[in-house]
Each structure stands twice: as structure tokens, then as C-alpha cells.
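See below for run_18.csv, which holds CSV, C-alpha atoms and all ligand atoms.
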```csv
chain,number,residue,atom,x,y,z
A,1,MET,CA,-10.3,20.9,10.8
A,2,TYR,CA,-10.4,23.2,7.9
A,3,ASN,CA,-9.4,26.8,8.9
A,4,GLY,CA,-10.4,28.6,5.8
A,5,ASP,CA,-7.0,29.8,4.6
A,6,MET,CA,-5.4,26.6,3.3
A,7,GLU,CA,-4.0,27.1,-0.2
A,8,ARG,CA,-5.4,24.1,-2.0
A,9,ILE,CA,-7.5,21.1,-1.0
A,10,ILE,CA,-7.9,17.8,-2.8
A,11,LEU,CA,-10.6,15.3,-2.0
A,12,GLY,CA,-9.3,11.7,-2.3
A,13,ILE,CA,-11.4,8.6,-2.9
A,14,GLU,CA,-10.1,5.1,-2.6
A,15,SER,CA,-12.2,2.0,-3.3
A,16,SER,CA,-9.9,-0.3,-5.2
A,17,CYS,CA,-10.3,-3.3,-3.0
A,18,ASP,CA,-12.2,-3.7,0.3
A,19,ASP,CA,-11.6,-0.4,2.0
A,20,THR,CA,-13.9,2.6,1.3
A,21,SER,CA,-11.9,5.6,2.2
A,22,ILE,CA,-12.3,9.4,1.7
A,23,ALA,CA,-10.0,12.2,2.8
A,24,VAL,CA,-9.5,15.9,2.4
A,25,VAL,CA,-5.8,16.8,2.2
A,26,ASP,CA,-4.1,20.2,1.8
A,27,SER,CA,-1.2,21.1,-0.5
A,28,ASN,CA,1.3,20.7,2.3
A,29,LEU,CA,0.1,17.0,2.4
A,30,ASN,CA,-1.4,17.5,5.8
A,31,VAL,CA,-4.5,15.4,6.3
A,32,ILE,CA,-7.4,17.6,7.3
A,33,ASN,CA,-9.7,14.7,7.8
A,34,MET,CA,-9.9,11.1,6.7
A,35,GLU,CA,-12.3,8.2,7.4
A,36,THR,CA,-12.1,4.6,6.2
A,37,VAL,CA,-14.8,2.0,6.3
A,38,SER,CA,-13.2,-1.5,6.5
A,39,GLN,CA,-15.0,-4.5,5.2
A,40,ILE,CA,-12.7,-7.0,7.1
A,41,SER,CA,-15.5,-8.3,9.2
A,42,VAL,CA,-17.6,-9.1,6.1
A,43,HIS,CA,-14.8,-10.9,4.1
A,44,LYS,CA,-13.2,-12.6,7.1
A,45,ILE,CA,-15.7,-15.5,6.9
A,46,PHE,CA,-14.6,-16.2,3.3
A,47,GLY,CA,-10.9,-16.0,4.2
A,48,GLY,CA,-10.3,-13.3,1.6
A,49,VAL,CA,-12.0,-10.5,-0.3
A,50,VAL,CA,-15.0,-11.5,-2.4
A,51,PRO,CA,-15.1,-8.9,-5.3
A,52,GLU,CA,-18.8,-8.7,-5.8
A,53,VAL,CA,-19.5,-8.3,-2.1
A,54,ALA,CA,-16.8,-5.6,-1.9
A,55,ALA,CA,-18.4,-3.6,-4.8
A,56,ARG,CA,-21.9,-3.8,-3.3
A,57,ASN,CA,-20.6,-2.5,0.1
A,58,HIS,CA,-18.7,0.4,-1.5
A,59,ILE,CA,-22.0,1.5,-3.0
A,60,ALA,CA,-23.7,1.5,0.4
A,61,TYR,CA,-20.8,3.2,2.2
A,62,ILE,CA,-19.4,5.8,-0.1
A,63,PHE,CA,-21.9,8.8,0.0
A,64,PRO,CA,-22.6,8.7,3.7
A,65,LEU,CA,-18.9,8.5,4.3
A,66,LEU,CA,-18.3,11.6,2.0
A,67,ASN,CA,-20.9,13.6,4.0
A,68,ARG,CA,-19.3,12.6,7.3
A,69,VAL,CA,-15.8,13.4,6.3
A,70,MET,CA,-16.7,16.8,4.8
A,71,GLU,CA,-19.0,17.8,7.6
A,72,SER,CA,-16.7,17.0,10.5
A,73,ALA,CA,-13.8,18.8,8.7
A,74,GLY,CA,-16.0,21.8,8.1
A,75,VAL,CA,-15.2,21.6,4.3
A,76,LYS,CA,-17.7,22.7,1.7
A,77,PRO,CA,-17.6,21.8,-2.0
A,78,LYS,CA,-16.5,25.4,-2.7
A,79,ASN,CA,-13.4,24.9,-0.6
A,80,ILE,CA,-12.2,21.9,-2.7
A,81,ASP,CA,-9.9,22.4,-5.7
A,82,ALA,CA,-10.0,18.9,-7.3
A,83,ILE,CA,-11.3,15.3,-6.9
A,84,ALA,CA,-8.8,12.5,-7.0
A,85,VAL,CA,-9.7,8.8,-7.3
A,86,THR,CA,-8.0,5.5,-7.7
A,87,ARG,CA,-8.4,4.4,-11.3
A,88,ARG,CA,-6.0,1.4,-11.3
A,89,PRO,CA,-5.1,-1.3,-10.4
A,90,GLY,CA,-7.7,-3.1,-8.3
A,91,LEU,CA,-10.9,-5.1,-8.5
A,92,VAL,CA,-13.0,-3.7,-11.4
A,93,GLY,CA,-16.3,-3.5,-9.6
A,94,SER,CA,-14.7,-1.8,-6.6
A,95,LEU,CA,-12.8,0.7,-8.8
A,96,LEU,CA,-16.0,1.5,-10.7
A,97,VAL,CA,-17.9,2.6,-7.6
A,98,GLY,CA,-15.2,5.1,-6.5
A,99,VAL,CA,-14.6,6.3,-10.1
A,100,MET,CA,-18.3,6.9,-10.8
A,101,ALA,CA,-18.7,8.7,-7.5
A,102,ALA,CA,-15.7,10.9,-8.3
A,103,LYS,CA,-17.0,11.7,-11.8
A,104,GLY,CA,-20.4,12.6,-10.4
A,105,LEU,CA,-18.8,15.0,-7.9
A,106,SER,CA,-16.5,16.5,-10.5
A,107,ALA,CA,-19.5,17.1,-12.9
A,108,SER,CA,-21.9,18.5,-10.3
A,109,TRP,CA,-19.3,20.7,-8.4
A,110,ASN,CA,-17.5,21.6,-11.6
A,111,LEU,CA,-14.1,20.5,-10.3
A,112,PRO,CA,-11.1,18.9,-12.1
A,113,LEU,CA,-10.8,15.2,-11.9
A,114,ILE,CA,-7.6,13.3,-11.4
A,115,GLY,CA,-7.4,9.5,-11.8
A,116,ILE,CA,-4.6,8.1,-9.7
A,117,ASN,CA,-2.6,4.9,-9.9
A,118,HIS,CA,-3.0,3.2,-6.5
A,119,LEU,CA,0.7,2.4,-6.4
A,120,ASP,CA,1.6,6.2,-6.7
A,121,GLY,CA,-0.9,6.6,-3.8
A,122,HIS,CA,1.0,4.2,-1.6
A,123,ILE,CA,4.3,6.0,-2.4
A,124,ALA,CA,2.7,9.3,-1.4
A,125,SER,CA,1.3,7.9,1.8
A,126,ALA,CA,4.9,8.1,3.2
A,127,PHE,CA,4.8,11.9,2.7
A,128,LEU,CA,1.5,12.6,4.6
A,129,ASN,CA,1.8,14.9,7.6
A,130,LYS,CA,5.6,15.2,7.1
A,131,ASP,CA,7.5,18.5,6.9
A,132,LYS,CA,9.2,17.7,3.7
A,133,LYS,CA,9.2,15.4,0.7
A,134,PRO,CA,12.2,13.3,-0.5
A,135,LYS,CA,14.5,14.6,-3.1
A,136,LYS,CA,14.5,12.6,-6.4
A,137,PRO,CA,16.0,10.2,-7.3
A,138,TYR,CA,14.8,7.9,-4.6
A,139,ILE,CA,14.1,4.2,-4.1
A,140,SER,CA,10.6,3.2,-3.3
A,141,LEU,CA,9.5,-0.2,-2.0
A,142,ILE,CA,5.7,-1.0,-2.1
A,143,VAL,CA,4.8,-4.0,-0.1
A,144,SER,CA,1.1,-4.8,0.1
A,145,GLY,CA,-1.5,-7.5,-0.4
A,146,GLY,CA,-1.3,-7.1,-4.2
A,147,HIS,CA,2.2,-5.9,-4.8
A,148,THR,CA,5.8,-6.3,-3.9
A,149,SER,CA,7.8,-3.9,-6.0
A,150,ILE,CA,10.9,-1.8,-5.9
A,151,VAL,CA,10.7,1.3,-8.1
A,152,GLU,CA,13.3,4.0,-8.9
A,153,VAL,CA,11.6,7.4,-8.9
A,154,THR,CA,13.5,10.1,-10.9
A,155,GLU,CA,12.8,13.5,-12.3
A,156,ASN,CA,11.9,11.7,-15.5
A,157,GLY,CA,9.5,9.2,-14.1
A,158,GLN,CA,9.6,5.7,-12.7
A,159,ASN,CA,11.6,2.6,-13.5
A,160,THR,CA,10.5,-0.7,-12.0
A,161,ILE,CA,13.5,-2.6,-10.6
A,162,SER,CA,11.9,-5.6,-8.8
A,163,GLN,CA,8.5,-7.0,-9.2
A,164,THR,CA,6.2,-9.8,-7.9
A,165,LEU,CA,6.5,-13.1,-9.8
A,166,ASP,CA,3.7,-15.0,-8.0
A,167,ASP,CA,2.3,-14.1,-4.6
A,168,ALA,CA,2.8,-10.6,-3.2
A,169,ALA,CA,4.3,-10.4,0.3
A,170,GLY,CA,1.0,-9.5,1.9
A,171,GLU,CA,-0.8,-12.3,0.0
A,172,ALA,CA,1.8,-14.7,1.3
A,173,TYR,CA,1.0,-13.6,4.9
A,174,ASP,CA,-2.7,-13.9,4.2
A,175,LYS,CA,-2.4,-17.4,2.6
A,176,VAL,CA,-0.1,-18.7,5.3
A,177,SER,CA,-2.5,-17.3,8.0
A,178,LYS,CA,-5.4,-19.1,6.3
A,179,MET,CA,-3.5,-22.4,6.2
A,180,ALA,CA,-2.6,-22.1,9.8
A,181,GLY,CA,-6.2,-21.1,10.8
A,182,LEU,CA,-5.1,-17.7,12.1
A,183,GLY,CA,-7.7,-15.7,10.2
A,184,TYR,CA,-7.9,-12.8,7.8
A,185,PRO,CA,-6.0,-10.5,7.2
A,186,GLY,CA,-2.9,-12.6,8.1
A,187,GLY,CA,-0.3,-9.8,8.3
A,188,PRO,CA,-1.1,-8.3,11.7
A,189,VAL,CA,-1.8,-11.7,13.4
A,190,ILE,CA,1.4,-13.3,12.1
A,191,ASP,CA,3.5,-10.2,13.0
A,192,LYS,CA,2.2,-10.3,16.6
A,193,LEU,CA,2.9,-14.1,16.9
A,194,ALA,CA,6.3,-13.8,15.2
A,195,GLN,CA,7.5,-11.2,17.7
A,196,LYS,CA,7.0,-13.8,20.5
A,197,GLY,CA,8.7,-16.7,18.6
A,198,ASN,CA,12.1,-18.1,18.1
A,199,PRO,CA,12.9,-18.1,14.4
A,200,ASP,CA,15.6,-20.8,14.7
A,201,THR,CA,13.2,-23.6,15.7
A,202,TYR,CA,12.2,-24.3,12.1
A,203,ASP,CA,14.5,-24.5,9.2
A,204,LEU,CA,12.6,-22.8,6.4
A,205,PRO,CA,14.5,-22.5,3.0
A,206,TYR,CA,16.4,-19.4,2.5
A,207,LEU,CA,14.6,-17.9,-0.5
A,208,LEU,CA,16.5,-18.3,-3.8
A,209,LYS,CA,19.8,-19.0,-1.9
A,210,GLY,CA,22.4,-20.2,-4.4
A,211,GLY,CA,19.7,-21.2,-6.9
A,212,LYS,CA,19.6,-20.1,-10.5
A,213,HIS,CA,17.5,-17.1,-9.4
A,214,ALA,CA,19.9,-16.0,-6.6
A,215,ASN,CA,20.8,-12.8,-8.4
A,216,ALA,CA,17.4,-12.2,-10.1
A,217,THR,CA,15.4,-9.1,-9.3
A,218,PHE,CA,11.9,-10.6,-8.8
A,219,PHE,CA,10.0,-11.5,-5.7
A,220,SER,CA,8.7,-15.1,-5.2
A,221,TYR,CA,6.9,-16.3,-2.1
A,222,SER,CA,5.3,-19.5,-3.4
A,223,GLY,CA,8.2,-21.7,-2.2
A,224,ILE,CA,8.0,-20.5,1.4
A,225,LYS,CA,4.3,-21.0,1.5
A,226,SER,CA,4.7,-24.7,0.6
A,227,ALA,CA,7.5,-25.1,3.2
A,228,VAL,CA,5.3,-23.7,5.9
A,229,LYS,CA,2.4,-26.0,4.8
A,230,ARG,CA,4.7,-29.0,5.0
A,231,ILE,CA,5.5,-28.2,8.6
A,232,LEU,CA,1.9,-27.4,9.5
A,233,ASP,CA,0.9,-30.8,8.1
A,234,GLU,CA,3.7,-32.9,9.6
A,235,GLU,CA,4.8,-31.3,12.9
A,236,LYS,CA,3.1,-33.0,15.9
A,237,ASN,CA,4.1,-30.5,18.5
A,238,LEU,CA,3.9,-27.3,16.5
A,239,ILE,CA,5.0,-24.0,18.1
A,240,MET,CA,3.0,-21.5,16.1
A,241,GLU,CA,5.0,-18.5,17.3
A,242,ASP,CA,8.3,-20.1,16.3
A,243,LEU,CA,7.0,-21.1,12.8
A,244,MET,CA,5.6,-17.6,12.2
A,245,ALA,CA,8.9,-16.0,13.4
A,246,ALA,CA,10.8,-18.2,10.9
A,247,PHE,CA,8.3,-17.3,8.1
A,248,GLN,CA,8.6,-13.6,8.8
A,249,ILE,CA,12.4,-13.6,8.8
A,250,ARG,CA,12.4,-15.3,5.4
A,251,VAL,CA,9.8,-13.0,3.9
A,252,VAL,CA,11.7,-9.9,5.0
A,253,GLU,CA,15.1,-11.3,4.2
A,254,LEU,CA,14.2,-11.4,0.5
A,255,ILE,CA,12.9,-7.8,0.6
A,256,GLU,CA,16.1,-6.7,2.2
A,257,ARG,CA,18.3,-8.5,-0.3
A,258,ARG,CA,16.4,-7.0,-3.3
A,259,LEU,CA,16.5,-3.5,-1.7
A,260,GLU,CA,20.3,-3.8,-1.0
A,261,SER,CA,20.8,-4.8,-4.7
A,262,ALA,CA,18.7,-1.9,-6.0
A,263,ILE,CA,20.3,0.7,-3.8
A,264,SER,CA,23.8,-0.5,-4.7
A,265,LYS,CA,23.2,0.1,-8.4
A,266,GLY,CA,22.5,3.8,-8.3
A,267,SER,CA,22.9,7.0,-6.3
A,268,TYR,CA,19.8,7.9,-4.3
A,269,ASN,CA,18.7,10.4,-1.7
A,270,ALA,CA,16.0,8.6,0.1
A,271,LEU,CA,14.3,5.3,0.8
A,272,VAL,CA,10.5,5.4,0.7
A,273,ILE,CA,8.6,2.3,2.1
A,274,SER,CA,4.8,1.9,1.8
A,275,GLY,CA,1.8,-0.5,1.5
A,276,GLY,CA,0.0,-2.6,4.1
A,277,VAL,CA,3.1,-4.7,4.9
A,278,SER,CA,5.1,-1.6,5.7
A,279,ALA,CA,3.2,-1.7,9.0
A,280,ASN,CA,5.2,-4.9,9.8
A,281,SER,CA,7.5,-4.5,12.8
A,282,HIS,CA,10.3,-6.4,11.1
A,283,VAL,CA,10.0,-4.6,7.8
A,284,ARG,CA,10.2,-1.2,9.7
A,285,LYS,CA,13.3,-2.3,11.6
A,286,MET,CA,15.0,-3.6,8.4
A,287,ALA,CA,14.1,-0.4,6.5
A,288,THR,CA,15.6,1.7,9.3
A,289,SER,CA,18.9,-0.2,9.3
A,290,ILE,CA,19.3,-0.2,5.5
A,291,ALA,CA,18.6,3.6,5.4
A,292,GLU,CA,21.2,4.2,8.1
A,293,LYS,CA,23.8,1.9,6.4
A,294,HIS,CA,23.4,3.7,3.0
A,295,ASN,CA,22.9,7.2,4.5
A,296,LEU,CA,19.5,7.6,2.9
A,297,GLU,CA,16.6,9.6,4.3
A,298,LEU,CA,13.9,7.2,5.4
A,299,TYR,CA,10.2,7.8,4.7
A,300,LEU,CA,7.8,5.4,6.3
A,301,PRO,CA,4.1,6.1,6.5
A,302,GLU,CA,2.4,6.5,9.9
A,303,LEU,CA,0.7,3.2,10.7
A,304,LYS,CA,-2.8,4.5,9.9
A,305,TYR,CA,-1.6,5.3,6.3
A,306,CYS,CA,0.0,2.0,5.6
A,307,GLN,CA,-3.3,0.4,4.6
A,308,ASP,CA,-5.4,1.6,1.6
A,309,ASN,CA,-6.7,5.1,2.2
A,310,GLY,CA,-8.1,8.1,0.5
A,311,ALA,CA,-5.5,10.5,1.9
A,312,MET,CA,-2.7,8.9,-0.1
A,313,ILE,CA,-4.8,9.2,-3.3
A,314,ALA,CA,-5.3,12.9,-2.7
A,315,ALA,CA,-1.6,13.3,-1.8
A,316,ALA,CA,-0.5,11.7,-5.1
A,317,ALA,CA,-2.8,14.1,-7.1
A,318,PHE,CA,-1.0,17.3,-6.1
A,319,GLU,CA,1.9,17.0,-8.6
A,320,ARG,CA,-0.7,16.4,-11.3
A,321,PHE,CA,-2.8,19.3,-10.1
A,322,GLU,CA,0.2,21.7,-10.4
A,323,LYS,CA,0.8,20.6,-14.0
A,324,ARG,CA,-3.0,20.9,-14.7
A,325,ASP,CA,-2.8,17.2,-15.8
A,326,PHE,CA,-6.5,16.4,-15.4
A,327,ASP,CA,-8.7,13.6,-16.7
A,328,SER,CA,-11.9,13.8,-18.7
A,329,LEU,CA,-15.2,12.3,-17.5
A,330,ASP,CA,-14.9,9.3,-19.9
A,331,PHE,CA,-11.7,7.7,-18.5
A,332,PRO,CA,-11.9,4.0,-17.9
A,333,VAL,CA,-10.9,2.0,-14.8
A,334,ASN,CA,-8.1,-0.6,-15.3
A,335,PRO,CA,-7.4,-3.7,-13.2
A,336,THR,CA,-3.8,-4.1,-14.3
A,337,VAL,CA,-0.6,-3.1,-12.7
A,338,ARG,CA,1.4,-0.6,-14.8
A,339,PRO,CA,3.4,2.5,-13.9
A,340,GLY,CA,1.9,5.9,-14.8
A,341,LYS,CA,-1.7,7.0,-14.9
B,1,LIG,O1,-2.0,-1.9,1.1
B,1,LIG,P1,-3.1,-2.8,1.6
B,1,LIG,O2,-4.0,-2.3,2.7
B,1,LIG,O3,-3.9,-3.4,0.5
B,1,LIG,C1,-3.4,-3.7,-0.8
B,1,LIG,O4,-3.3,-2.7,-1.6
B,1,LIG,O5,-3.1,-4.8,-1.0
B,1,LIG,O6,-2.3,-4.1,2.2
B,1,LIG,C2,-3.0,-5.2,2.8
B,1,LIG,C3,-2.0,-6.3,3.1
B,1,LIG,C4,-2.7,-7.6,3.6
B,1,LIG,O7,-2.1,-8.6,2.9
B,1,LIG,C5,-2.2,-7.6,5.1
B,1,LIG,O8,-2.1,-9.0,5.6
B,1,LIG,C6,-0.9,-6.9,5.1
B,1,LIG,O9,-1.1,-5.8,4.2
B,1,LIG,N1,-0.5,-6.4,6.4
B,1,LIG,C7,0.6,-6.8,7.0
B,1,LIG,C8,0.7,-6.2,8.3
B,1,LIG,N2,-0.4,-5.4,8.4
B,1,LIG,C9,-1.1,-5.5,7.2
B,1,LIG,N3,1.6,-7.7,6.7
B,1,LIG,C10,2.6,-8.0,7.6
B,1,LIG,N4,2.6,-7.4,8.8
B,1,LIG,C11,1.7,-6.5,9.2
B,1,LIG,N5,1.8,-5.9,10.4
B,2,ZN,ZN,-2.9,-0.9,-1.5
```
Using the file provided, produce a representation of the structure as C-alpha cells.
Amino acid sequence: MYNGDMERIILGIESSCDDTSIAVVDSNLNVINMETVSQISVHKIFGGVVPEVAARNHIAYIFPLLNRVMESAGVKPKNIDAIAVTRRPGLVGSLLVGVMAAKGLSASWNLPLIGINHLDGHIASAFLNKDKKPKKPYISLIVSGGHTSIVEVTENGQNTISQTLDDAAGEAYDKVSKMAGLGYPGGPVIDKLAQKGNPDTYDLPYLLKGGKHANATFFSYSGIKSAVKRILDEEKNLIMEDLMAAFQIRVVELIERRLESAISKGSYNALVISGGVSANSHVRKMATSIAEKHNLELYLPELKYCQDNGAMIAAAAFERFEKRDFDSLDFPVNPTVRPGK
């Protein structure tokens, strides 16, 4: 609840994929209020997000959601200092709804507008409701449905170290789940099953082991998907928990290997993990052990901020606000992944 004496407040809007989310966040990165409308039940029947349907639903949800979030927080337009919105990357139709809502609010409330890169939002999600932020330089891992990337964050900006070559980690979870008839989204279901399974029953290939890409920096999950499919097609007495445990071990093993390699090449203060897949039990354990081993401060988002949300978009806007780095009303949306604005 807003208590009237908070220094600054940014309203954050996220609509890049299938979550419509709005939050008000103060300059200590405490979330005053946030609400997300999920479209999972709508897209579930298609086994994945249908872009046109997602955009139409954002239009229906966004303004009632804005009113609810502000009213229940006791926040009035005059209490807000800026409007932040995801401008890239994402589904174009979905991005347009959030961006046009933000531009309308900025124009009618006469407030600065800040277009945020969704990936910067995920990084900032790990700082929400914490008593401090990490000291730069730090290593950031973003693992979500659309991205698996390791980025070095320094005083001078960001440098991408590892990037997705084909499917992102979350996408691999979702596709394997669809093949196995486990539903959408796949991550949470597979994570639950995997925790009950024996990972040694099925011998899935160790990703990139000894191959020509053993020391590469990219992430590739298409091979593991095919290996799981073969077992699903051929195994007569399939033990789903065991297969999912083996799949989960392999997915996380590759992330661990790439993280180890990135950390060993520099001198960092912290490890920051974010994105939908950072909710994964095995990812969280692996992150804790790597951070301990390398004496890095670990920043993991609270579970509710792992998935796409408006609070992380507001949080990412504060640095830009302090520099008065605002956007004009004519900025475009952009579907592509690229560091920076
Ligand atoms: O960050 P996010 O909400 O959206 C994107 O920006 O992509 O991430 C969604 C992804 C989905 O692929 C979902 O299956 C995955 O995060 N996910 C998980 C878990 N919870 C969500 N993957 C593995 N384990 C989980 N517990
Ligand atoms: Zn995301």
C-alpha cells in the first residue's frame, strides 16, 4: 500500500507475450502492488501461445487491470513519476498493446515514458524487494521461454557471453512436455515429475560432450529434444518421472557448464539468475552451489517474479529515470533480441 512519502514511483507495464501485468514499484525497488492476468488457460488448448489471440486478450485486460492495481494500492496518477513499458523483444501485436497504453498514459498524465528491453526487466526482477543491488561487474543468466543467455553486466554496459542457438531452455521444456502429452506450460509440470524420478534410468546424451562444440559458448537444446522423442516413441514401459528427471539433469548441466566457463574468464561480484526457468528447483540448487563455490553473491528472484511481470519492467526503469533517459511518444516496438533499449 502506498503511504504517501515514497520518494519515487514508476508504473510498469508488461505485455510482450501472454501475460498482462501491471505494477507500481518504488525507488528502493519494493513492489507496492502488482497484478498479472495469465492467459495460460486460453493458450493451453493450442499447446502454445497464439500471437493474435494474445494481443486481443491484452486489449481486453489492460485498462481494468490498471484501475485495479492503482486503486488497491491507493496510488493516484499524481503520485507516479514515470511510465515504463516493455518495448522489445516479444510478439509484435502483444508489445503494441502495452506500448500504446503506456504512450496514452504518458500523454494524458504528462509523465515521462521509458521503453524497456524485456531482458533488462528479467535481470532487475532479481533485485525486487531486496535490501541491496549487486555491485557491478556481475554475471547474469536469463533463462526463459524465449531466451537462454549469459550476459556480463559492467559499469560500461552489457556484453553477451552465451546465447541461444536454437530452442531456449523454457521452449525445450514446453516442447518436450507437448510431445509427452503433459500440457502447457511444460516447465512446472516437468520440474514436479523430475523431482520424483530417477535420472539414471534413461541414458540421454550429455549435451555437446566431446563434440566439436564442447567448448563453444552457445546453448543448444534441439538434440536433447530428439533424444527424448525417441524414448517416448520406442519405450514400451515408460517411466515418465525418470525420463523427465534425466531431461532436467541434461538441460541444467549445460547451463552449469556455460556459467562455470563465463565466471572463470573474469572477476565478478555477483551471480544474478532470472527468467521463467529460474523458478526451476534444479536451476536454483545449481545456482546456489556455483555462487558458493566462486564466492559470488547470489540474486534469485522470488518465485512470483520469475515469470513475466510489470514489477521487473518498472524496476529496470529506475536507472534510466535517474539519468533522465526518456523516450519520445513515437518510439517503435521491436520483436528482436538485442542488448540495450
Ligand atoms: O520468463 P517467462 O515467463 O516468459 C518468457 O519471457 O519466455 O518464462 C516462461 C517459461 C516457459 O517456457 C515455462 O515452461 C518455463 O518458463 N518455466 C519453467 C518452470 N516454471 C516456468 N521451466 C522449468 N522449470 C520450472 N519450474
Ligand atoms: Zn520473459
Worksheet entry | Spatial neighbours of Gly275 in chain A, max dist 7 Å, all atoms listed in the file, sep filter under 6 positions, as a PyMOL selection string | chain A and resi 122+142-144+306-307
With 6 Å as the cut-off and only C-alpha atoms and all ligand atoms counted, what is the closest atom pair between each nearby residue of chain A and ligand LIG 1 (chain B)? Distances in Å to one decimal, ordered by chain and number, as a Markdown table.
```
| residue | atom | partner | partner_atom | distance |
| --- | --- | --- | --- | --- |
| A:Ser144 | CA | B:LIG1 | O6 | 4.1 |
| A:Gly145 | CA | B:LIG1 | O5 | 3.2 |
| A:Gly146 | CA | B:LIG1 | O5 | 4.3 |
| A:Gly170 | CA | B:LIG1 | O7 | 3.4 |
| A:Glu171 | CA | B:LIG1 | O7 | 4.9 |
| A:Tyr173 | CA | B:LIG1 | O8 | 5.6 |
| A:Asp174 | CA | B:LIG1 | O8 | 5.1 |
| A:Pro185 | CA | B:LIG1 | O8 | 4.5 |
| A:Gly186 | CA | B:LIG1 | O8 | 4.5 |
| A:Gly187 | CA | B:LIG1 | N3 | 3.3 |
| A:Pro188 | CA | B:LIG1 | N5 | 4.0 |
| A:Asp191 | CA | B:LIG1 | N4 | 5.1 |
| A:Gly275 | CA | B:LIG1 | O1 | 4.1 |
| A:Gly276 | CA | B:LIG1 | O6 | 3.3 |
| A:Val277 | CA | B:LIG1 | N3 | 3.8 |
| A:Ala279 | CA | B:LIG1 | N5 | 4.6 |
| A:Asn280 | CA | B:LIG1 | N5 | 3.6 |
| A:Gln307 | CA | B:LIG1 | O2 | 3.4 |
| A:Asp308 | CA | B:LIG1 | O2 | 4.3 |
```
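CA of Gly90 in chain A to CA of Cys17 in chain A spans 5.9 Å [interatomic distance, one decimal].
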Discussion item. For a test of reading the model, state the distance in Å between CA of Met179 in chain A and CA of Gly48 in chain A, rounded to one decimal.
Written reply: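 Atom-to-atom, CA of Met179 in chain A to CA of Gly48 in chain A, that is 12.3 Å.
Shown here are all protein and nucleic acid residues lying within 10 Å of (-19.7, 17.5, -4.5), with all atoms listed in the file considered: Leu11, Leu66, Asn67, Met70, Lys76, Pro77, Lys78, Ile80, Ile83, Ala101, Ala102, Lys103, Gly104, Leu105, Ser106, Ala107, Ser108, Trp109, Asn110 and Leu111 of chain A.
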Practice prompt. Find, counting all atoms listed in the file, the residue in A:Ser220, A:Thr288, A:Ser328, A:Thr148 that gets nearest to ligand ZN 2 (chain B).
Written response: A:Thr148
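Of the residues under consideration (A:Asp26, A:Val53, A:Met100, A:Val153), A:Val153 shows the shortest atom-to-atom contact distance to Ile123 in chain A when counting all atoms listed in the file.
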